[in-house]
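Q: Below you will find the structure I want to go over with you.
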Amino acid sequence: MDEIQRIEQLRKELHEHNYRYYVLNQPTIGDQEFDFLMHELQDLEAKHPEIADPNSPTQRVGSDLNAEFTQVAHKYPMLSLANTYNEQDVADWYESVKKGLAGEDFEVCCEMKYDGLSISLTYVDGKLTQAVTRGDGVHGDDVTANVKTIRSIPLVLSGASGNTENSKQSGNLFAIPAYPHEFEIRGEILMPWVVFERLNKEREAAEEPLFANPRNAASGTLKSQKSSLVASRQLDAYLYYLLGEELPAEGHYENLEMARQWGFKISEGMKKVKTLQEIYDFINYWDAARKNLPVATDGIVLKVNSLRQQRALGFTAKSPRWAIAYKFKAERVCTRLNEVTYQVGRTGAITPVANMDPVQLAGTTVKRATLNNEDFIKSFDLHIGDYVFVEKGGEIIPKIVGVDIDQRPIIAQPVQFIKRCPECGTPLVRYEGEAAWYCPNDTGCPPQIKGRIEHFIARKAMNIDSLGPETIDDYYRQGLIKNVADLYKIEVQQINGDGSRTKSAQRIVNGITASKEVPFERVVFALGIRFVGETSAKLLARHFKNIDALMNAGLEEIQEIEGIGEVMAKSIITYFHDEKNREIVERLRGYGLQMELSEAQTANLSDKFAGQSIVISGVFSHHSRDEYKAIIEQNGGKNVGSISNKTSFILAGENMGPSKLQKAEKLGIKIMSEDEFLQLIED
């Protein structure tokens, strides 16, 4: 067998192993053997670029290159379903179908309603050619490169193209039904519970905002500009509707069963019924059983099974008449509040946490819930020993939504918010306009020190990705680092253990050294000044141009910058009045960090868009979205994500979303083309 033949054989084998592992959950080889085959294929493909295949199993790892999404029109509009929360509405829908079909018998396909991101996949001759998000139902984003990293979505189908009869082998009753030459299949992109919980633990450790639910996490992941990030998040997909000119069966259920044989992940919970009582039985069964599923669900979808009858029933302006979604009610449990503990965040913010008797809720054991702040506690008049109602609902993070006053013990004592930091004992402060209490000891409180170092190394700050929270905690406990400046004196021999970790230690030192090239505005953000976010750091860097001007600025001068309020300005003054902070800044300067805007950045600065809020929409040919955002900021403008009365103008590329266009026209907001914008900058 020559190398070309071996490549084709490996591709076929690896597609099959992916299907068995990610769809059937029935692997036939171990991870090590799979990796060995994958590496062999990668090596052979590198030697033979002339037979590159965009659907090769090697393409699932994704790319680190940024890719702007292109908006494309849906061949068939992706309409939303009418929703209901009660059985009477289901009965009304059932009767309306019966009436619409003039009493003709019909079947209903009952399916799980997965809580993910809607996706439309197009296959031509058994190969995935395009993946498009729902968007506004008429246009969606082309996310093909990202979807190819999801291993439960087949890149190449099993079976053959053409009609079923031609594809069957003579006398073989178990031949896979043929798939159409071209068809579309729709479904949901999902983040499994185990991945979601792991991701939120990582974000919590890094003090990043937690994802509210797996749907938000899946959506944010799929819209990432780096397909390698998408691959690392281990998304899943369930498919639930087939469209095309030459579908193999007249029944929706039957088509999905064939799609299952082609390699698609189809729900095992799908069932075909005839009576209203059977529908109720299905709903009641899954209202309890769904808690054991590996992915989030929020209801049941009911569809008339016959495609002919679906066409006869037709559509309203917003949804099909032949389908309806029954939404499960948010699950609520009652449990005992035993204690309130307090956590100290990176910025010194004190977060109260309810510690409760463990209780099962939406598939997981819940024993802790955030109480947000002192005002939240007072709003419920919380007492230790109270029986509290806890919900997840759409928000997967547990939250207390009420108190059963009737069960309050006579001796229960009201929750009293602490007055001193639980870590260092410093009296807490509450800043004007803030709901949270803070520990002001930012240079001596251990969680704040470690949190500031973790913030400093973050991707949007100094981007030292070879370090992580656990490593920072280890170095802190060893006494290697007490502040961010200490990172730059770390040497390989200090962190290579018994000598067996020299390679990883060198990578860490190299990452720290490389961070010295990070531009000034990100250094300002990395310092971790309370209330100074990524955008405000850019405003400060642009205005003051170097660290000395910023350190020595007065309160009034800082407040002159649009977007910098009194609270933030006072926080900046307080930070630089602390000699420990000034000493850290001077050490960082001595280690070679960028403490002023580069000449190129300074040369490109202007106030052309000062005070203007600008929306960017569409696909551009001359620069990327990120480059246009940078140009707007360099010229004093503010990038905003949504259109409002305060929007100055819209920088519009190709395929601007129709909903944005309509809103802009309604509000009378100017739409500026890419060429007009560049001419304005040049002038």
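Naming works like this for the structure tokens: A, B, ... for the chains as they're shown, residue 1 at the start of each chain, ligands 1 onward in shown order.
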So that each row is one residue of stretch 76-129 of chain A with an atom at most 9 Å from stretch 274-285 of chain A, can you give its shortest atom pair and the distance in Å to one decimal, using only C-alpha atoms, rows by chain and rising number, as JSON lines?
A:
```
{"residue": "A:Glu87", "atom": "CA", "partner": "A:Tyr280", "partner_atom": "CA", "distance": 7.5}
{"residue": "A:Val90", "atom": "CA", "partner": "A:Leu276", "partner_atom": "CA", "distance": 8.4}
{"residue": "A:Ala91", "atom": "CA", "partner": "A:Leu276", "partner_atom": "CA", "distance": 7.0}
{"residue": "A:Tyr94", "atom": "CA", "partner": "A:Leu276", "partner_atom": "CA", "distance": 7.3}
{"residue": "A:Asp105", "atom": "CA", "partner": "A:Lys274", "partner_atom": "CA", "distance": 8.4}
{"residue": "A:Phe106", "atom": "CA", "partner": "A:Lys274", "partner_atom": "CA", "distance": 6.7}
{"residue": "A:Glu107", "atom": "CA", "partner": "A:Lys274", "partner_atom": "CA", "distance": 4.8}
{"residue": "A:Val108", "atom": "CA", "partner": "A:Lys274", "partner_atom": "CA", "distance": 6.0}
{"residue": "A:Cys109", "atom": "CA", "partner": "A:Lys274", "partner_atom": "CA", "distance": 8.7}
{"residue": "A:Cys110", "atom": "CA", "partner": "A:Ile279", "partner_atom": "CA", "distance": 7.2}
{"residue": "A:Glu111", "atom": "CA", "partner": "A:Phe282", "partner_atom": "CA", "distance": 9.0}
```
Q: I want to know what sits within 10 Å of stretch 562-571 of chain A, based on only C-alpha atoms, with residues of the same chain fewer than 2 positions away left out; could you give that as a ChimeraX atom specification?
A: /A:431-434,529-533,535-537,539-540,553-560,573-577,610-611,636,638
Q: Can you list, as a PDB file with C-alpha atoms, in the first residue's frame, all residues belonging to stretch 310-543 of chain A that DSSP tags as strand (DSSP E)?
A:
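Produced file selection-v1.pdb, reproduced below:
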```pdb
ATOM      1  CA  ALA A 323     -45.066  22.108  15.796  1.00  0.00           C
ATOM      2  CA  ILE A 324     -45.101  23.478  19.327  1.00  0.00           C
ATOM      3  CA  ALA A 325     -42.643  23.570  22.244  1.00  0.00           C
ATOM      4  CA  TYR A 326     -43.742  22.669  25.762  1.00  0.00           C
ATOM      5  CA  LYS A 327     -41.386  24.331  28.277  1.00  0.00           C
ATOM      6  CA  ARG A 332     -37.329  24.834  42.732  1.00  0.00           C
ATOM      7  CA  VAL A 333     -36.303  23.096  45.967  1.00  0.00           C
ATOM      8  CA  CYS A 334     -36.427  24.043  49.629  1.00  0.00           C
ATOM      9  CA  THR A 335     -33.445  23.484  51.902  1.00  0.00           C
ATOM     10  CA  ARG A 336     -31.983  24.754  55.171  1.00  0.00           C
ATOM     11  CA  LEU A 337     -29.544  27.678  55.391  1.00  0.00           C
ATOM     12  CA  ASN A 338     -26.837  26.618  57.850  1.00  0.00           C
ATOM     13  CA  GLU A 339     -24.176  29.306  57.555  1.00  0.00           C
ATOM     14  CA  VAL A 340     -23.056  32.328  55.582  1.00  0.00           C
ATOM     15  CA  THR A 341     -19.361  32.473  54.718  1.00  0.00           C
ATOM     16  CA  TYR A 342     -17.470  35.234  52.928  1.00  0.00           C
ATOM     17  CA  GLN A 343     -15.056  35.149  50.000  1.00  0.00           C
ATOM     18  CA  VAL A 344     -12.493  37.811  49.107  1.00  0.00           C
ATOM     19  CA  ILE A 350     -16.505  40.562  49.663  1.00  0.00           C
ATOM     20  CA  THR A 351     -19.022  38.007  48.379  1.00  0.00           C
ATOM     21  CA  PRO A 352     -21.347  36.310  50.891  1.00  0.00           C
ATOM     22  CA  VAL A 353     -22.083  32.636  50.195  1.00  0.00           C
ATOM     23  CA  ALA A 354     -25.009  30.610  51.540  1.00  0.00           C
ATOM     24  CA  ASN A 355     -24.017  27.167  52.833  1.00  0.00           C
ATOM     25  CA  MET A 356     -27.059  24.873  52.838  1.00  0.00           C
ATOM     26  CA  ASP A 357     -28.097  21.278  53.393  1.00  0.00           C
ATOM     27  CA  PRO A 358     -27.160  19.411  50.165  1.00  0.00           C
ATOM     28  CA  VAL A 359     -30.112  19.023  47.791  1.00  0.00           C
ATOM     29  CA  GLN A 360     -30.581  17.661  44.258  1.00  0.00           C
ATOM     30  CA  LEU A 361     -31.441  20.366  41.722  1.00  0.00           C
ATOM     31  CA  THR A 364     -26.529  18.293  40.270  1.00  0.00           C
ATOM     32  CA  THR A 365     -26.058  18.405  44.044  1.00  0.00           C
ATOM     33  CA  VAL A 366     -26.357  21.968  45.318  1.00  0.00           C
ATOM     34  CA  LYS A 367     -25.098  23.039  48.738  1.00  0.00           C
ATOM     35  CA  ARG A 368     -23.845  26.591  48.113  1.00  0.00           C
ATOM     36  CA  ALA A 369     -25.367  29.671  46.485  1.00  0.00           C
ATOM     37  CA  THR A 370     -24.116  33.220  46.127  1.00  0.00           C
ATOM     38  CA  TYR A 387     -35.628  27.233  54.913  1.00  0.00           C
ATOM     39  CA  VAL A 388     -34.854  28.894  51.591  1.00  0.00           C
ATOM     40  CA  PHE A 389     -36.146  28.278  48.084  1.00  0.00           C
ATOM     41  CA  VAL A 390     -33.398  27.660  45.542  1.00  0.00           C
ATOM     42  CA  GLU A 391     -33.770  27.695  41.757  1.00  0.00           C
ATOM     43  CA  LYS A 399     -29.708  31.286  43.495  1.00  0.00           C
ATOM     44  CA  ILE A 400     -31.960  31.849  46.483  1.00  0.00           C
ATOM     45  CA  VAL A 401     -35.345  33.156  45.335  1.00  0.00           C
ATOM     46  CA  GLY A 402     -37.354  33.156  48.553  1.00  0.00           C
ATOM     47  CA  VAL A 403     -37.724  32.174  52.211  1.00  0.00           C
TER      48      VAL A 403
END
```
Q: Find the spatial neighbours of A:Phe211, counting only C-alpha atoms, within a cut-off of 12 Å - ignore same-chain residues fewer than 6 positions away - and output them as a VMD selection string.
A: chain A and resid 191 195 to 204 217 to 221 394 to 397
Q: Any chance you can output those residues with N, CA and C atoms as an mmCIF file, in the first residue's frame?
A:
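Ended up saving to again34.cif:
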```
data_model
loop_
_atom_site.group_PDB
_atom_site.id
_atom_site.type_symbol
_atom_site.label_atom_id
_atom_site.label_comp_id
_atom_site.auth_asym_id
_atom_site.auth_seq_id
_atom_site.Cartn_x
_atom_site.Cartn_y
_atom_site.Cartn_z
ATOM 1 N N MET A 191 -23.159 22.367 25.184
ATOM 2 C CA MET A 191 -22.005 22.109 26.044
ATOM 3 C C MET A 191 -22.454 21.136 27.132
ATOM 4 N N VAL A 195 -18.484 19.411 31.088
ATOM 5 C CA VAL A 195 -17.581 20.408 30.506
ATOM 6 C C VAL A 195 -17.919 21.791 31.055
ATOM 7 N N PHE A 196 -19.216 22.094 31.136
ATOM 8 C CA PHE A 196 -19.669 23.387 31.651
ATOM 9 C C PHE A 196 -19.180 23.618 33.081
ATOM 10 N N GLU A 197 -19.338 22.605 33.922
ATOM 11 C CA GLU A 197 -18.938 22.754 35.318
ATOM 12 C C GLU A 197 -17.423 22.904 35.451
ATOM 13 N N ARG A 198 -16.678 22.161 34.634
ATOM 14 C CA ARG A 198 -15.213 22.289 34.665
ATOM 15 C C ARG A 198 -14.786 23.685 34.204
ATOM 16 N N LEU A 199 -15.437 24.174 33.136
ATOM 17 C CA LEU A 199 -15.095 25.492 32.598
ATOM 18 C C LEU A 199 -15.383 26.588 33.621
ATOM 19 N N ASN A 200 -16.527 26.501 34.301
ATOM 20 C CA ASN A 200 -16.854 27.528 35.291
ATOM 21 C C ASN A 200 -15.930 27.474 36.502
ATOM 22 N N LYS A 201 -15.454 26.273 36.867
ATOM 23 C CA LYS A 201 -14.476 26.180 37.956
ATOM 24 C C LYS A 201 -13.180 26.891 37.571
ATOM 25 N N GLU A 202 -12.784 26.705 36.316
ATOM 26 C CA GLU A 202 -11.569 27.362 35.827
ATOM 27 C C GLU A 202 -11.751 28.883 35.817
ATOM 28 N N ARG A 203 -12.935 29.338 35.390
ATOM 29 C CA ARG A 203 -13.201 30.777 35.331
ATOM 30 C C ARG A 203 -13.299 31.363 36.745
ATOM 31 N N GLU A 204 -13.889 30.592 37.667
ATOM 32 C CA GLU A 204 -13.989 31.059 39.044
ATOM 33 C C GLU A 204 -12.606 31.208 39.657
ATOM 34 N N ALA A 217 -22.588 29.394 27.380
ATOM 35 C CA ALA A 217 -21.213 28.926 27.209
ATOM 36 C C ALA A 217 -21.002 28.368 25.807
ATOM 37 N N ALA A 218 -21.978 27.579 25.320
ATOM 38 C CA ALA A 218 -21.872 27.002 23.980
ATOM 39 C C ALA A 218 -21.900 28.087 22.920
ATOM 40 N N SER A 219 -22.793 29.076 23.104
ATOM 41 C CA SER A 219 -22.904 30.163 22.134
ATOM 42 C C SER A 219 -21.617 30.977 22.076
ATOM 43 N N GLY A 220 -21.095 31.339 23.265
ATOM 44 C CA GLY A 220 -19.852 32.110 23.297
ATOM 45 C C GLY A 220 -18.688 31.353 22.695
ATOM 46 N N THR A 221 -18.675 30.041 22.921
ATOM 47 C CA THR A 221 -17.601 29.212 22.381
ATOM 48 C C THR A 221 -17.676 29.137 20.865
ATOM 49 N N GLY A 394 -33.367 28.709 34.012
ATOM 50 C CA GLY A 394 -32.463 28.988 32.898
ATOM 51 C C GLY A 394 -31.087 29.375 33.382
ATOM 52 N N GLU A 395 -31.019 29.957 34.578
ATOM 53 C CA GLU A 395 -29.724 30.337 35.135
ATOM 54 C C GLU A 395 -29.187 29.147 35.916
ATOM 55 N N ILE A 396 -28.143 28.520 35.427
ATOM 56 C CA ILE A 396 -27.658 27.273 36.011
ATOM 57 C C ILE A 396 -26.941 27.508 37.326
ATOM 58 N N ILE A 397 -26.491 28.726 37.580
ATOM 59 C CA ILE A 397 -25.851 29.027 38.851
ATOM 60 C C ILE A 397 -26.951 29.106 39.910
#
```
Q: Identify, on the basis of only C-alpha atoms, every residue whose closest approach to A:Gln594 does not exceed 7 Å; exclude the query and any residue fewer than 5 positions from it along the same chain; express the result as a ChimeraX atom specification.
A: /A:516-520
Q: Counting only C-alpha atoms, which residue out of A:Asp404, A:Ile631, A:Glu331, A:Ala82 sits closest to A:Phe677?
A: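 Among A:Asp404, A:Ile631, A:Glu331, A:Ala82, it is A:Ile631 that comes nearest to A:Phe677.
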Q: So how many Å separate atom CA of A:Ile150 and atom CA of A:Ile189, to one decimal?
A: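 Between atom CA of A:Ile150 and atom CA of A:Ile189 the gap works out to 8.9 Å.
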Q: Which residues, written as a PyMOL selection string, have at least one atom at most 10 Å from A:Lys670, with only C-alpha atoms counted and residues fewer than 5 positions away on the same chain left out?
A: chain A and resi 647-652+664-665
Q: Would you compute the distance between atom CA of A:Glu682 and atom CA of A:Gln225? Give it in Å to one decimal.
A: 28.7 Å
